[in-house]
Each structure stands twice: as C-alpha cells, then as structure tokens.
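Asker: If you scroll down you'll find the structure; I have some questions about it.
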Amino acid sequence: MLRQILQQTSDFVSEHNRITLLVMLVLTGMVAAGIPQLDFSNQVGGSADGFDNLDRVQASQYIDDRYENVSQDRTNRTIEPVYVRQENGNALAKESLLDGLRYQQEIRESEAVQSALRDEGVVGIENLVAKRAAGEETVTLDEQIQALKNASAAEVEGLVGQLVSESGRAQQFLPADHDGSVTATDRRTFVALDTSDDDTLNDANTALYDTADEYSGSNLFVLNEDAWAEGNQQFSNEMLELVLPVALLLILSILIFAYRDLVDVVVGMSGVVLSILWMLGIMGWLGVQASMITAVPVVLITGLSIDFGFHVFNRYREERGPDDGIRAPMGRGIRFVSTALILVTVTASIGFLANLTNPLTVIRDLGVSITLGVLAALAIFVTIVPALKISIDGLLERFGLDRRKQALGHGGYLRPALEGSVTLAKRAAPVVLVVAVLVGALGGLAWMELDQESFQQGDGDVAEWKQQLPEPVGWDPVDVLQQRSHVEEAYQPANVEEAIQSEILLTGDVTADNTLEDIDDGVTEIEDEGLLVTQSTDQAERSPVTAMARVAEENESFAAIFTDADTNGNGIPDQNLEAVYDAFYDADSQAAKQVIERTDGEYRSVLVTIAVNADHSERNAVVPELDDGAAVMEGDGQRTATAAGELGVNKVILDEIVDGILLTMAIALLAVVVALVAVFRYMHDSATLGAVTALPIVLVVGLVIGGMYLLGIPLTLLTALLMSLVVGLGIDYNIHIGDRFADELAAGKTPIESLRAAVTGTGGALLGSTLTSVGAFATIALVPHPQLQSFAYIVVIALLTAFVVSLVVLPSLLLLWSRYDPSAVTTPTGHEEPMPQD
C-alpha cells in the first residue's frame with residue numbers, strides 16, 4: 001500500500017511537473033497566509049502554572065492569593081542610578097565630582113525631568129561634598145558647583161575623607177567593597193522619579209540617557225530602557241553584519257562544493273525557504289504559540305531541509321545514466337529516497353513531540369513547531385523541489401547544456417575515505433562497539449556534573465580578534481552589557497525596591513511564643529551569609545517583627561502591648577502572640593495584612609520578605625542559604641517555612657525541567673525504537689534491523705552530554721530543551737544508512753557489498769548535509785553571548801557525533817547483525833527491482 005502510494009506520487013511529480021508546481025505554489029500561498037496570524041504573546045520563560053505540584057510554587061501561589069493586593073507598598077517611585085566609572089582614575093577627584101554636578105544641572109533643565117522628579121531629587125556623593133564645601137545643607141545646585149570650584153583639590157580630598165569616615169550615607173554611593181579611602185574607581189548618583197505617568201517617565205529617562213551620552217567623556221552612563229534599546233540595536237546590527245554574511249557564505253560555499261552546480265544550489269535553497277514558510281504558516285493557522293525562541297525551529301528546519309535536498313539531488317544523480325532523460329531518473333530517485341525521508345520525518349517527529357510531556361507551554365509549542373517544520377520539509381522536497389528541478393534542467397538541456405552531474409561520495413578522494421569505515425567494521429567491529437559503549441557511558445555519567453543556571457547572561461566581552469576584523473564585520477563590544485556586568489559586580493542594589501525580593505512563607509502554628517524570635521534568628525542567619533542589602537536607607541527586611549516595630553513607634557497603645565509581650569527585652573514579643581496580632585490589626589490593619597494572614601479570625605500564615613544582594617550569576621547559589629534561614633524560622637517543627645520568592649521558584653522549576661528532560665529523552669528513545677522496529681518489520685521483514693538502526697542514538701546522546709561537560713556548557717532552560725531535541729536530530733543519519741543497507745541486502749548483495757553501497761551511496765549526502773549545517777551553526781558561536789554560543793555548540797556536537805556514529809559505529813553494528821541474522825531481510829514481493837533507499 002505504502003509503496004504504491006509512493007510510486008504513484010513520484011510518477012505524478014516527474015510526469016506532471018508543471019501541474020505539481022502550480023498546485024503546490026497555490027497551496028504555499030494559502031499556507032503562508034497564516035503567518036500574519038502568528039501569536040507572539042508567549043514568552044520564552046513560560047510560567048509556573050504547570051508546576052502546581054511543587055512546594056515552592058504552591059507557596060508562591062498561596063502568597064499571591066492571600067497577600068495579593070498588599071504584597072508591596074505602592075510608592076510610585078523608582079530610583080534611576082547614574083554611574084561614573086574611572087577605570088584608571090579617581091571618581092572622587094574634584095573634576096569628576098564637578099562633572100557630576102554639571103550633569104545634574106543639565107538634566108534638571110529638561111521639562112520631562114522636572115515633571116517626573118520627586119521631592120528626594122537627585123543625590124550623590126558630589127552633593128554631600130559640595131554642601132560641606134559651602135558650609136551649609138540648604139545651598140542650591142548652582143551654589144554647590146561654585147563652592148566646589150572654589151575649593152582646592154586638596155580641600156576636596158579632605159572633605160571626601162571626612163564624609164567617607166563619618167557618614168554611612170556616603171557609602172551607598174560607592175562600591176560595596178570600598179575601603180574607606182579618598183579614592184574610588186566608581187561612584188553613583190540616585191535620581192528619584194515618579195512612575196505615575198509612563199510618558200513623562202519615559203521622556204525623563206531619555207533625557208538622562210542623552211545627557212549621559214554627552215558626558216561620556218567623563219565616563220558617565222545609565223542603564224535604563226534607552227540604554228538597553230541602543231545596546232539591543234547594536235547587537236542586532238552586529239548579528240546582521242557579521243554572523244548572517246558569514247553563515248550564508250559558508251552555506252553557499254559548501255553547497256557549491258557539494259553540488260558543483262549553481263542551479264541545484266538555488267533550487268535546494270528555494271526548498272529551504274518554502275519549508276520555513278510552510279512551518280510558520282501552519283503554526284499560524286493552527287494557533288500554535290510563537291515566541292522569540294521560535295528562531296530555534298527556523299534554524300533546525302533550515303539544516304534538516306538542506307539534508308533532504310542533498311538526498312533528493314544525490315539519488316537523482318545516481319539514478320541518471322548516460323542514456324537517461326530527466327523524468328524517469330527523477331521519478332525513481334523520488335521513489336527510492338522518499339521511504340527514508342518518511343522514516344526520518346516520523347522518527348524525528350517522535351523525538352520532537354516527546355516534549356509534549358514538558359510542563360512548560362513554550363517548550364511544548366516548540367516541539368509542535370519543529371514537527372510541523374519537518375512535515376513541511378518532507379512535503380516540499382518530494383513535490384516542489386523535484387518538479388522545479390525537472391523544469392529547469394529540461395529548459396537548460398533544450399539549450400544544449402548537459403545537466404548530468406556526479407553524485408557526492410563517488411569521487412576519487414571521498415569514496416576511499418568513506419569506504420574506510422567499512423574496512424574498520426570488517427577488521428574490528430567488536431572493538432569499535434566496546435569503545436563506543438565506554439565513551440558513550442562516560443559521556444552520560446557527566447550529566448550529574450553539569451552546572452545548572454536559569455539563564456546564561458552575557459557580560460559584553462568580545463574577543464580581541466573579533467574586534468580587529470575589518471569593517472563592517474568587526475564586532476564592537478556592547479557597552480550596556482559590559483556596564484551592567486560591572487555594576488552587578490561592584491554595587492549593591494540602589495535600594496531595597498530595586499533588589500531581588502525573596503519571600504519566605506510560614507504556615508502552621510504561627511502564634512506560638514517563639515515564632516517571632518525564630519523569624520528574627522532566621523533573618524540573622526541569612527544576613528550572616530551576606531545576602532541582605534545593607535547600602536540603603538530602607539530596611540532590607542519586612543516581617544511581622546519589623547512591621548510591628550514601625551507601628552509601635554507611632555501608636556502608644558500598641559507599643560505598650562508590644563513591649564509587655566517582650567519578656568527578655570530584646571525588642572521581640574515572645575508571649576501572647578495572638579493578642580499582639582489582634583492589637584496590630586486594630587492599630588494598622590493595612591500594615592498587618594502585608595505580613596500576617598488572618599482568615600475567619602484565625603492566624604494561618606506570616607510572610608517575611610527580604611531584599612537580597614545577589615547578581616545574576618549567584619542567583620541559584622543563594623537559594624540553599626535562603627533555605628537555611630527558612631529552616632531556622634521553622635523552630636522545633638511547629639511550622640513550615642518555604643522560600644517561595646523568585647529565586648526559589650526559578651530554581652525548583654529548572655530542577656524539575658532538567659529532571660523531566662531525562663523522562664522526555666527516555667520516552668523519545670523508546671518511541672523511536674518502537675517505530676523503527678515496526679517500520680523495518682513492515683518494509684524489510686526484519687524488526688531486529690530496526691532496533692539496531694535505532695541503538696546508536698543512545699551513543700549520540702551520551703556524546704553530546706560529554707561534550708557539554710568538556711566545554712563547560714551548563715543546563716539552562718534552553719540547553720535542557722536542546723538536549724531533548726538531540727534524539728530528533730541524531731536519528732536522521734542512521735536511518736539513511738540502515739535503510740539503504742537493508743535494500744542492498746534484499747537485492748542479493750553480500751553484507752560487505754551492501755555496507756559499502758550504503759556508506760558510499762548515502763555517506764556523500766550525509767557529509768554535505770553535516771558540513772553545511774555545522775558551518776551554519778558554528779557561525780552562531782561568533783556571537784559574544786553565552787546563551788547563543790551554547791545553543792550553537794550543542795547542535796554542532798549533535799550533528800558531528802551523529803555523522804561520525806552513523807559512519808563509524810553503525811556499520812560495525814550492521815555487520816555484526818548480518819552475521820547473526822542474515823536471512824532477516826528479504827526482497828520485497830511484487831517488485832521486479834529492489835528499492836534502494838537513500
């Protein structure tokens with residue numbers, strides 16, 4: 001049945017190429033109409049909705065439900081820091097401080113800044129020094145500038161020394177590790193802006209950025225939205241000017257080398273473009289969510305489409321003899337190669353669809369997107385591409401141009417190299433398998449040693465050689481990335497509002513006498529680890545203890561109850577807590593609701609929120625320390641304390657995804673094995689051959705894991721996803737070799753002859769496909785961003801190992817299989833000629 005359908009399809013395409021082109025182009029237009037309907041509202045990070053079974057997620061959702069409207073004070077304020085970095089100078093020198101005051105003077109002239117500026121105004125250490133130089137606190141900005149001008153450099157140095165030694169306030173403008181000296185490479189100024197009007201706020205931020213750009217000679221910079229917009233634009237331009245041209249040049253060069261024919265290059269690339277359009281169009285019609293990560297399926301389908309093209313053209317070239325026309329060889333070629341392409345499509349789709357088990361919607365949609373792309377590529381390369389090839393070749397031959405070309409893999413240099421794998425299998429097949437198993441096992445064991453990060457954040461550093469490339473391809477560092485990396489390393493957050501907010505939820509007996517003291521001890525434990533923001537005028541902790549202390553300062557009657565409940569004089573109530581909570585609600589219910597849950601008259605939970613001093617690289621590392629503090633808050637097991645803030649939730653979700661990847665890969669591997677066993681049993685009367693063809697994919701997975709370990713690639717949301725796609729990527733090459741081997745055996749050849757025909761017949765196409773795809777992905781490694789580099793490295797490793805395994809390990813497996821089960825493959829009944837598959 002399947003063979004009849006394939007033969008009828010190939011005959012129709014080869015005999016009616018113009019009708020095929022017309023029909024498929026009309027369908028292309030209809031499918032592509034779905035592209036504008038793509039919904040890009042889905043975000044790369046997904047949400048925690050699919051992880052309701054996790055304790056941290058449940059605690060976070062509990063906080064949202066019980067503390068939703070009172071979890072944060074609504075101050076309508078944001079602090080925009082303005083930074084100064086004098087890498088080889090002194091940011092506290094007189095001239096640098098004067099430049100800071102002049103910058104303040106200029107931004108205050110902006111109407112947008114004047115409208116958005118809050119009462120706190122603009123404050124930096126330059127203001128503190130200038131006021132001391134003027135001798136009073138109420139001087140205007142102009143008077144501050146004049147006072148600082150009139151002071152000598154030595155006098156300014158003395159004033160700085162006094163401030164740094166006497167005033168804790170001055171430290172918040174300096175790096176966290178400042179040693180109290182009168183010199184510093186960095187300082188910052190705080191601009192307090194009102195957030196109630198978005199347009200005014202945006203205009204004010206633009207003024208801050210534009211003015212800082214004017215003062216770039218004084219090493220002033222900001223990291224607001226305007227700075228990031230400029231940085232992102234520069235990054236995109238660099239991608240277009242460096243990566244895209246290099247990738248296209250590599251792809252075209254390899255395709256020209258492999259095809260040795262410009263027409264075939266153009267036809268093949270047309271199929272690639274159409275495959276991507278079909279994928280995006282079908283996604284739009286079916287309502288499959290898209291996101292920025294949709295670039296992944298686009299890139300993967302590009303590589304897979306190029307692979308399909310190599311096999312279609314290579315088989316056509318093999319089939320066309322010196323006396324053949326165009327249509328008949330193309331018909332045979334489509335028929336011969338389509339079975340293998342269908343097998344690749346089915347098994348790759350199984351690998352990609354295994355991601356439907358993932359709880360993240362974005363990853364499930366990604367698996368569906370890639371599967372749609374694979375199906376689209378199959379449809380394009382067995383219809384439009386052959387029909388277009390027939391039409392163009394026919395036209396050119398009518399003008400006297402001979403379109404016969406030698407198939408890749410049959411040349412005097414490549415053929416002997418490919419046959420070397422057959423020789424290796426003949427002489428040392430058992431040794432090859434033992435070495436492969438050992439190497440794959442070692443790679444698999446490295447899984448437990450891989451680092452885990454939620455996201456790899458770039459620091460903006462660019463290799464010197466990339467910067468020295470001639471324009472326009474030279475890659476300039478993105479200032480905002482380098483500046484952000486330096487700021488995160490040098491400073492604590494500007495204030496507690498700008499810091500990471502980590503919440504700890506306590507449930508159970510929250511009215512026990514030791515509850516508040518246990519909370520205080522837990523916060524002290526976290527503070528001792530250096531995790532709290534300390535360079536701020538605001539308190540880094542918000543808990544029942546701090547909230548009640550603030551209310552007690554203003555409410556005498558509550559203060560009396562608060563003090564009476566403190567039996568040891570440490571300022572923390574340790575008895576009659578239920579009565580204290582009641583009085584707290586009576587005194588200030590709004591403040592109480594932010595830290596203590598009261599439902600139906602019962603106190604069921606309390607909430608502790610702390611401002612954490614941790615940059616991106618430390619986020620996962622600080623979660624165990626937060627857990628240690630939460631454990632102290634639990635006391636003697638009277639209550640449960642769960643770190644449920646952003647840090648804890650992100651880490652537990654990443655852990656769950658990483659653990660789920662193992663299940664996804666196991667499901668994909670099992671499904672691929674079952675599919676190949678069933679198909680090979682149907683097509684070749686040999687279930688065992690299907691299993692043998694599928695087994696090397698396990699080795700590919702192990703080698704990819706080992707490669708990640710050796711290259712220091714961590715498990716992130718993206719790299720974990722790519723690991724689950726390795727199964728779909730790696731099975732392709734094995735199928736082409738295994739299927740061709742089976743049909744050569746069925747034609748009556750010996751196992752060695754069949755293996756040689758399979759390796760040389762398909763090895764050339766596999767080599768061309770591998771070189772093209774690896775070249776394209778390798779160019780992504782030029783991008784100075786670790787997340788994109790990791791993406792490129794994993795795909796390159798997967799492609800290279802899949803190619804090597806299919807040409808080195810699989811032949812040994814097939815040869816050993818043929819020795820123990822030589823009669824398993826039979827000639828298909830009802831056919832006068834064998835159907836060799838590519």
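Residues in the structure tokens are numbered from 1 in each chain, the chains being A, B, ... in the order shown, and ligands are numbered from 1 in the order shown.
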I want to know what sits within 7 Å of range 593-595 of chain A, based on only C-alpha atoms, with residues of the same chain fewer than 2 positions away left out; could you give that as a PyMOL selection string?

Answerer: chain A and resi 67+70-71+543-544+589-591+597+606-608

Asker: What's around Leu174 in chain A at 12 Å? Count only C-alpha atoms, leave out sequence neighbours fewer than 6 positions away in its own chain, and write the answer as a ChimeraX atom specification.

Answerer: /A:81-85,91-92,124-126,160,163-164,168,180-190,487,490-494,535-536

Asker: Taking 3 positions as the minimum chain separation for residues in the same chain, which residues sit within 8 Å of Ala668 in chain A when counting only C-alpha atoms? Answer as a list in words.

Answerer: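 So, after excluding close chain neighbours, the residues are Ile350, Gly351, Phe352, Ala354, Thr664, Met665, Ala671, Val672 and Val727 of chain A.
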
Asker: Got time to write the residues from that selection, N, CA, C and O atoms, as a PDB file, in the first residue's frame?

Answerer:
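Result file part.pdb:
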ATOM      1  N   ILE A 350       8.735  12.071  16.338  1.00  0.00           N
ATOM      2  CA  ILE A 350       8.545  11.406  17.639  1.00  0.00           C
ATOM      3  C   ILE A 350       9.476  12.025  18.679  1.00  0.00           C
ATOM      4  O   ILE A 350       9.074  12.309  19.822  1.00  0.00           O
ATOM      5  N   GLY A 351      10.740  12.230  18.281  1.00  0.00           N
ATOM      6  CA  GLY A 351      11.686  12.838  19.217  1.00  0.00           C
ATOM      7  C   GLY A 351      11.264  14.225  19.639  1.00  0.00           C
ATOM      8  O   GLY A 351      11.335  14.580  20.814  1.00  0.00           O
ATOM      9  N   PHE A 352      10.787  15.018  18.670  1.00  0.00           N
ATOM     10  CA  PHE A 352      10.400  16.390  18.993  1.00  0.00           C
ATOM     11  C   PHE A 352       9.091  16.428  19.788  1.00  0.00           C
ATOM     12  O   PHE A 352       8.935  17.219  20.718  1.00  0.00           O
ATOM     13  N   ALA A 354       8.034  14.336  21.825  1.00  0.00           N
ATOM     14  CA  ALA A 354       8.208  13.864  23.208  1.00  0.00           C
ATOM     15  C   ALA A 354       8.203  15.033  24.182  1.00  0.00           C
ATOM     16  O   ALA A 354       7.947  14.859  25.375  1.00  0.00           O
ATOM     17  N   THR A 664      11.767  12.817  29.132  1.00  0.00           N
ATOM     18  CA  THR A 664      11.463  13.126  27.736  1.00  0.00           C
ATOM     19  C   THR A 664      12.364  12.345  26.790  1.00  0.00           C
ATOM     20  O   THR A 664      11.908  11.756  25.803  1.00  0.00           O
ATOM     21  N   MET A 665      13.671  12.318  27.103  1.00  0.00           N
ATOM     22  CA  MET A 665      14.600  11.592  26.237  1.00  0.00           C
ATOM     23  C   MET A 665      14.324  10.093  26.272  1.00  0.00           C
ATOM     24  O   MET A 665      14.421   9.415  25.243  1.00  0.00           O
ATOM     25  N   ALA A 671      10.140   5.456  21.928  1.00  0.00           N
ATOM     26  CA  ALA A 671       9.198   5.601  20.818  1.00  0.00           C
ATOM     27  C   ALA A 671       9.896   5.446  19.472  1.00  0.00           C
ATOM     28  O   ALA A 671       9.356   4.834  18.541  1.00  0.00           O
ATOM     29  N   VAL A 672      11.112   5.982  19.354  1.00  0.00           N
ATOM     30  CA  VAL A 672      11.863   5.848  18.104  1.00  0.00           C
ATOM     31  C   VAL A 672      12.204   4.387  17.840  1.00  0.00           C
ATOM     32  O   VAL A 672      12.073   3.900  16.707  1.00  0.00           O
ATOM     33  N   VAL A 727      17.573  13.726  20.153  1.00  0.00           N
ATOM     34  CA  VAL A 727      17.053  12.461  19.625  1.00  0.00           C
ATOM     35  C   VAL A 727      16.522  12.665  18.214  1.00  0.00           C
ATOM     36  O   VAL A 727      16.795  11.879  17.305  1.00  0.00           O
TER      37      VAL A 727
END

Asker: Restricting the calculation to only C-alpha atoms, which member of A:Arg604, A:Arg484, A:Arg756, A:Lys389 is positioned closest to Leu21 in chain A?

Answerer: A:Lys389

Asker: In range 585-804 of chain A, what's alpha helix (DSSP H) per DSSP? Answer as a VMD selection string?

Answerer: chain A and resid 585 to 587 589 to 593 619 to 633 646 to 684 687 to 694 696 to 711 717 to 746 751 to 780 786 to 804
